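Peer 1: Contents of work.txt (compact mmCIF, C-alpha atoms) are given next:
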```
# COMPACT_ATOMS: atom_id res chain seq x y z
CA MET A 1 10.47 -4.03 -16.29
CA ASN A 2 12.69 -1.63 -18.21
CA GLU A 3 12.26 1.62 -20.12
CA HIS A 4 11.57 -0.20 -23.38
CA SER A 5 8.76 -2.31 -21.99
CA PRO A 6 5.50 -1.94 -23.92
CA LEU A 7 3.58 -1.67 -20.62
CA ALA A 8 5.49 1.41 -19.50
CA SER A 9 5.34 3.37 -22.77
CA PRO A 10 1.65 4.44 -22.76
CA THR A 11 1.92 6.01 -19.32
CA ASP A 12 3.60 9.20 -18.28
CA LEU A 13 4.61 7.67 -14.96
CA PRO A 14 8.32 7.38 -14.30
CA LEU A 15 9.66 3.94 -13.53
CA ASP A 16 11.18 5.32 -10.35
CA PHE A 17 8.56 5.41 -7.61
CA GLU A 18 10.23 8.26 -5.71
CA VAL A 19 9.93 10.61 -8.68
CA PHE A 20 6.27 9.73 -9.10
CA PHE A 21 5.44 10.13 -5.42
CA GLN A 22 7.18 13.50 -5.12
CA ARG A 23 5.34 14.74 -8.21
CA GLU A 24 1.91 13.53 -7.04
CA GLN A 25 2.24 13.98 -3.27
CA LYS A 26 0.69 17.46 -3.17
CA ALA A 27 -2.45 16.37 -5.07
CA LEU A 28 -2.74 13.17 -3.01
CA LEU A 29 -2.42 15.18 0.20
CA ALA A 30 -5.10 17.65 -0.96
CA VAL A 31 -7.54 14.79 -1.59
CA ALA A 32 -6.75 13.22 1.79
CA ALA A 33 -7.08 16.57 3.58
CA SER A 34 -10.46 17.19 1.98
CA ARG A 35 -11.71 13.91 3.40
CA LEU A 36 -9.98 13.77 6.78
CA ARG A 37 -9.93 17.51 7.67
CA ASP A 38 -6.88 17.10 9.93
CA ARG A 39 -3.53 17.84 8.30
CA ARG A 40 -1.64 15.27 10.38
CA ASP A 41 -4.14 12.53 9.60
CA ALA A 42 -4.07 13.47 5.92
CA GLU A 43 -0.27 13.30 5.87
CA GLU A 44 -0.32 9.92 7.61
CA ALA A 45 -2.95 8.58 5.18
CA THR A 46 -0.96 9.89 2.21
CA LEU A 47 2.20 8.20 3.45
CA GLU A 48 0.34 4.93 4.07
CA ALA A 49 -1.09 5.13 0.55
CA GLY A 50 2.43 5.77 -0.72
CA ARG A 51 3.66 2.68 1.09
CA ARG A 52 0.92 0.58 -0.47
CA MET A 53 1.64 2.07 -3.89
CA TYR A 54 5.35 1.24 -3.50
CA VAL A 55 4.51 -2.39 -2.69
CA LYS A 56 2.25 -2.58 -5.77
CA TRP A 57 4.41 -0.38 -8.03
CA GLU A 58 4.95 -2.99 -10.75
CA ARG A 59 1.21 -3.73 -10.87
CA ILE A 60 0.43 -0.02 -11.01
CA LEU A 61 2.76 0.48 -13.97
CA ALA A 62 1.16 -2.48 -15.76
CA HIS A 63 -2.38 -1.21 -15.13
CA VAL A 64 -4.43 0.30 -17.98
CA ASN A 65 -4.74 3.59 -16.05
CA PRO A 66 -1.98 3.77 -13.43
CA LYS A 67 -3.04 7.11 -11.92
CA ALA A 68 -6.60 5.87 -11.43
CA MET A 69 -5.21 2.87 -9.56
CA THR A 70 -3.12 5.12 -7.28
CA TYR A 71 -6.15 7.23 -6.41
CA THR A 72 -8.19 4.08 -5.78
CA ILE A 73 -5.49 3.01 -3.33
CA LEU A 74 -5.62 6.43 -1.64
CA ARG A 75 -9.42 6.30 -1.33
CA GLY A 76 -9.13 2.85 0.27
CA VAL A 77 -6.58 4.11 2.78
CA ILE A 78 -8.78 7.08 3.65
CA SER A 79 -11.80 4.80 4.13
CA ASP A 80 -9.86 2.52 6.46
CA PHE A 81 -7.93 5.22 8.31
CA TYR A 82 -9.99 5.79 11.45
CA ARG A 83 -11.13 2.18 11.77
CA ARG A 84 -7.50 1.05 11.71
CA GLU A 85 -6.46 3.70 14.23
CA ILE A 86 -9.17 2.73 16.72
CA ARG A 87 -8.50 -0.98 16.21
CA ASN A 88 -4.82 -0.42 17.00
CA SER A 89 -5.77 1.64 20.09
CA ARG A 90 -3.68 4.61 19.04
CA VAL A 91 -6.71 6.89 19.07
CA GLN A 92 -9.16 7.30 21.89
CA PRO A 93 -12.71 6.38 20.89
CA TYR A 94 -13.75 9.85 22.06
CA ALA A 95 -11.33 12.63 21.23
CA ASP A 96 -10.48 15.39 23.66
CA PRO A 97 -12.65 18.39 22.88
CA PRO A 98 -10.78 20.91 20.72
CA ASP A 99 -10.52 24.54 21.69
CA THR A 100 -13.22 26.96 20.63
CA ALA A 101 -11.15 28.60 17.89
CA TYR A 102 -10.72 25.27 16.10
CA LEU A 103 -14.46 24.57 16.32
CA GLN A 104 -15.27 28.00 14.90
CA GLU A 105 -12.84 27.39 12.03
CA LEU A 106 -14.41 24.04 11.15
CA ARG A 107 -17.98 25.26 11.59
CA SER A 108 -18.16 26.44 8.00
CA CYS A 109 -16.96 23.04 6.73
CA GLU A 110 -19.62 20.92 8.46
CA PRO A 111 -22.49 21.51 6.00
CA LEU A 112 -20.17 20.86 3.08
CA ASP A 113 -18.82 17.70 4.71
CA ARG A 114 -22.32 16.38 5.35
CA ALA A 115 -23.45 17.19 1.82
CA LEU A 116 -20.35 15.58 0.28
CA ASP A 117 -20.84 12.47 2.41
CA GLU A 118 -24.48 12.23 1.33
CA LEU A 119 -23.51 12.77 -2.32
CA GLU A 120 -20.79 10.13 -2.07
CA ALA A 121 -23.30 7.61 -0.72
CA THR A 122 -25.50 8.06 -3.80
CA ALA A 123 -23.06 9.21 -6.51
CA PRO A 124 -19.39 8.54 -5.66
CA LEU A 125 -18.09 9.63 -9.09
CA GLN A 126 -19.74 13.03 -8.72
CA ALA A 127 -18.46 13.49 -5.16
CA ASN A 128 -14.91 12.51 -6.11
CA SER A 129 -15.02 14.75 -9.20
CA VAL A 130 -16.08 17.75 -7.08
CA ARG A 131 -13.39 17.01 -4.49
CA LEU A 132 -10.63 16.70 -7.10
CA ARG A 133 -11.74 19.79 -9.04
CA HIS A 134 -12.59 22.23 -6.26
CA LEU A 135 -10.70 20.96 -3.21
CA ALA A 136 -7.57 19.59 -4.89
CA GLY A 137 -7.57 22.06 -7.81
CA LEU A 138 -7.04 19.53 -10.60
CA SER A 139 -7.98 20.03 -14.25
CA TYR A 140 -10.69 17.95 -15.92
CA GLU A 141 -8.02 15.95 -17.78
CA GLN A 142 -6.27 15.15 -14.50
CA ILE A 143 -9.58 14.21 -12.86
CA ALA A 144 -10.44 11.92 -15.78
CA GLU A 145 -7.08 10.22 -15.53
CA ARG A 146 -7.42 9.66 -11.77
CA LEU A 147 -11.03 8.44 -11.89
CA HIS A 148 -10.55 6.35 -15.04
CA THR A 149 -13.07 8.24 -17.16
CA THR A 150 -13.02 10.81 -19.98
CA PRO A 151 -12.49 14.57 -19.53
CA GLY A 152 -16.03 15.22 -20.77
CA ALA A 153 -17.47 12.79 -18.25
CA ALA A 154 -15.38 14.38 -15.50
CA LYS A 155 -16.72 17.81 -16.46
CA VAL A 156 -20.32 16.55 -16.46
CA SER A 157 -19.85 14.69 -13.16
CA THR A 158 -18.38 17.80 -11.56
CA SER A 159 -21.17 20.02 -12.84
CA ILE A 160 -23.97 17.67 -11.77
CA GLY A 161 -22.19 17.05 -8.46
CA LEU A 162 -22.05 20.79 -7.76
CA GLN A 163 -25.76 21.14 -8.58
CA ARG A 164 -26.63 18.25 -6.27
CA LEU A 165 -24.41 19.67 -3.51
CA LYS A 166 -26.20 23.00 -3.79
CA GLU A 167 -29.55 21.22 -3.49
CA LEU A 168 -28.37 19.17 -0.53
CA MET A 169 -27.00 22.20 1.28
CA THR A 170 -30.04 24.43 0.69
CA ASN A 171 -32.92 21.93 0.91
CA GLY A 172 -31.36 19.18 3.00
CA SER A 173 -30.69 18.84 6.68
CA CYS A 174 -27.26 20.45 6.40
CA GLY A 175 -28.46 23.98 7.07
CA THR A 176 -26.31 27.05 6.67
CA GLY A 177 -24.10 26.56 9.72
CA GLU A 178 -25.04 30.00 11.09
CA ASP A 179 -27.24 28.95 14.00
CA ALA A 180 -25.48 27.90 17.17
```
What do you get writing this file as C-alpha cells?

Peer 2:
Amino acid sequence: MNEHSPLASPTDLPLDFEVFFQREQKALLAVAASRLRDRRDAEEATLEAGRRMYVKWERILAHVNPKAMTYTILRGVISDFYRREIRNSRVQPYADPPDTAYLQELRSCEPLDRALDELEATAPLQANSVRLRHLAGLSYEQIAERLHTTPGAAKVSTSIGLQRLKELMTNGSCGTGEDA
C-alpha cells in the first residue's frame, strides 16, 4: 500500500506504524491504566496491543475506522491480560499483599472500579465512553472515532454512563469506601 492508495486517504493515520504508535501511546496507556490499575501491567498490555497492531497494520489501515479497530485490539489485550499471565505461570495465583500505603491509595478507586465493571457488564459503550472521556481525557470526537460511533452518540453515552455510575455508587453495593 502506498500514499496514493484510496484506502489510506480517508484516514489520518500515517502509513508508518512507529509514528502512529508514538502519537497514540499516551492515550492507549491511559485506557489500559484505567482498567488494570497497575502502571507496569498497563505498560505491558499497551506494548502487547502495539505488537498485535503492528502485525495487523495493513488490515487496520484498510478498515473503515482504523482507530476504532486499534482500541478494539487494546480492549481485547486488556481482557486477556491476567488470564494469559496466570496461564503462563508468570504471576502467582495469589499476589503478595501490598503495603498499607498502597492499599490506602487504591481504597478510593474500589467503588469506582466496581461500578465501572457493573456498568460495562450491562452497557459497554457507556462504560468505555466514560473511561475515555474522564480517565483518558479524550474529546467527544476522539471517543467517537475510537468507539466507531458519532460525537453526539459519544456525548450521550458518556452522560448516561455518568448518571448510571452515580446511581450504582450511591444506591448499589459499592458504598462510599469510607468504612474500614

Peer 1: Any idea what's packed within 12 Å of His134 in chain A, counting only C-alpha atoms, ignoring anything in its chain fewer than 3 positions away? Could you give it as a short mmCIF file (atom, residue, chain, number, x, y, z; two decimals) with C-alpha atoms, in the frame of the given file?

Peer 2:
```
data_model
loop_
_atom_site.label_atom_id
_atom_site.label_comp_id
_atom_site.auth_asym_id
_atom_site.auth_seq_id
_atom_site.Cartn_x
_atom_site.Cartn_y
_atom_site.Cartn_z
CA ALA A 27 -2.45 16.37 -5.07
CA ALA A 30 -5.10 17.65 -0.96
CA VAL A 31 -7.54 14.79 -1.59
CA SER A 34 -10.46 17.19 1.98
CA GLN A 126 -19.74 13.03 -8.72
CA ALA A 127 -18.46 13.49 -5.16
CA ASN A 128 -14.91 12.51 -6.11
CA SER A 129 -15.02 14.75 -9.20
CA VAL A 130 -16.08 17.75 -7.08
CA ARG A 131 -13.39 17.01 -4.49
CA GLY A 137 -7.57 22.06 -7.81
CA LEU A 138 -7.04 19.53 -10.60
CA SER A 139 -7.98 20.03 -14.25
CA TYR A 140 -10.69 17.95 -15.92
CA ILE A 143 -9.58 14.21 -12.86
CA LYS A 155 -16.72 17.81 -16.46
CA THR A 158 -18.38 17.80 -11.56
CA SER A 159 -21.17 20.02 -12.84
CA GLY A 161 -22.19 17.05 -8.46
CA LEU A 162 -22.05 20.79 -7.76
#
```

Peer 1: For Thr150 in chain A, which residue among A:Leu15, A:Asn65, A:Pro124, A:Tyr82 is the nearest when counting all atoms listed in the file?

Peer 2: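 The closest residue to Thr150 in chain A is A:Asn65.
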
Peer 1: Taking into account all atoms listed in the file, which residue in the set A:Glu48, A:Glu24, A:Glu110, A:Glu145 is nearest to Ile78 in chain A?

Peer 2: A:Glu48

Peer 1: Using Å and a single decimal, report how far CA of Val64 in chain A sits from CA of Leu116 in chain A.

Peer 2: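 Atom-to-atom, CA of Leu116 in chain A and CA of Val64 in chain A are spaced 28.6 Å apart.
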
Peer 1: Report the distance between CA of Ala45 in chain A and CA of Val77 in chain A in Å, rounded to one decimal place.

Peer 2: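 Here the two named atoms are 6.2 Å from each other.
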
Peer 1: Quick one: distance from CA of Lys56 in chain A to CA of Arg75 in chain A in Å, one decimal?

Peer 2: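 Between CA of Lys56 in chain A and CA of Arg75 in chain A the gap works out to 15.3 Å.
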
Peer 1: Extract, using only C-alpha atoms, all DNA, RNA and protein residues at most 12 Å from Thr72 in chain A, discarding same-chain residues fewer than 4 positions from it, and format them as number ranges by chain.

Peer 2: A: 28, 31-32, 49-50, 52-53, 60, 65-68, 76-79, 125, 128, 145-148

Peer 1: Which is closer to Thr122 in chain A than all the others in A:Glu141, A:Ile73, A:Leu165, A:Phe81, using only C-alpha atoms?

Peer 2: A:Leu165

Peer 1: Measuring atom to atom with only C-alpha atoms, identify which of A:Ala136, A:Arg35, A:Ala144, A:Ala153 is nearest to Asp80 in chain A.

Peer 2: A:Arg35

Peer 1: Nearest to Leu112 in chain A among A:Leu168, A:Ala62, A:Ile160, A:Leu47, with distances taken over only C-alpha atoms: which residue is it?

Peer 2: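 Going through A:Leu168, A:Ala62, A:Ile160, A:Leu47 one by one, the smallest distance to Leu112 in chain A is for A:Leu168.
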
Peer 1: In terms of the shortest atom-to-atom distance over only C-alpha atoms, which of A:Glu18, A:Asp113, A:Asp41, A:Glu118 is closest to Tyr54 in chain A?

Peer 2: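 Under the stated criterion, the closest residue is A:Glu18.
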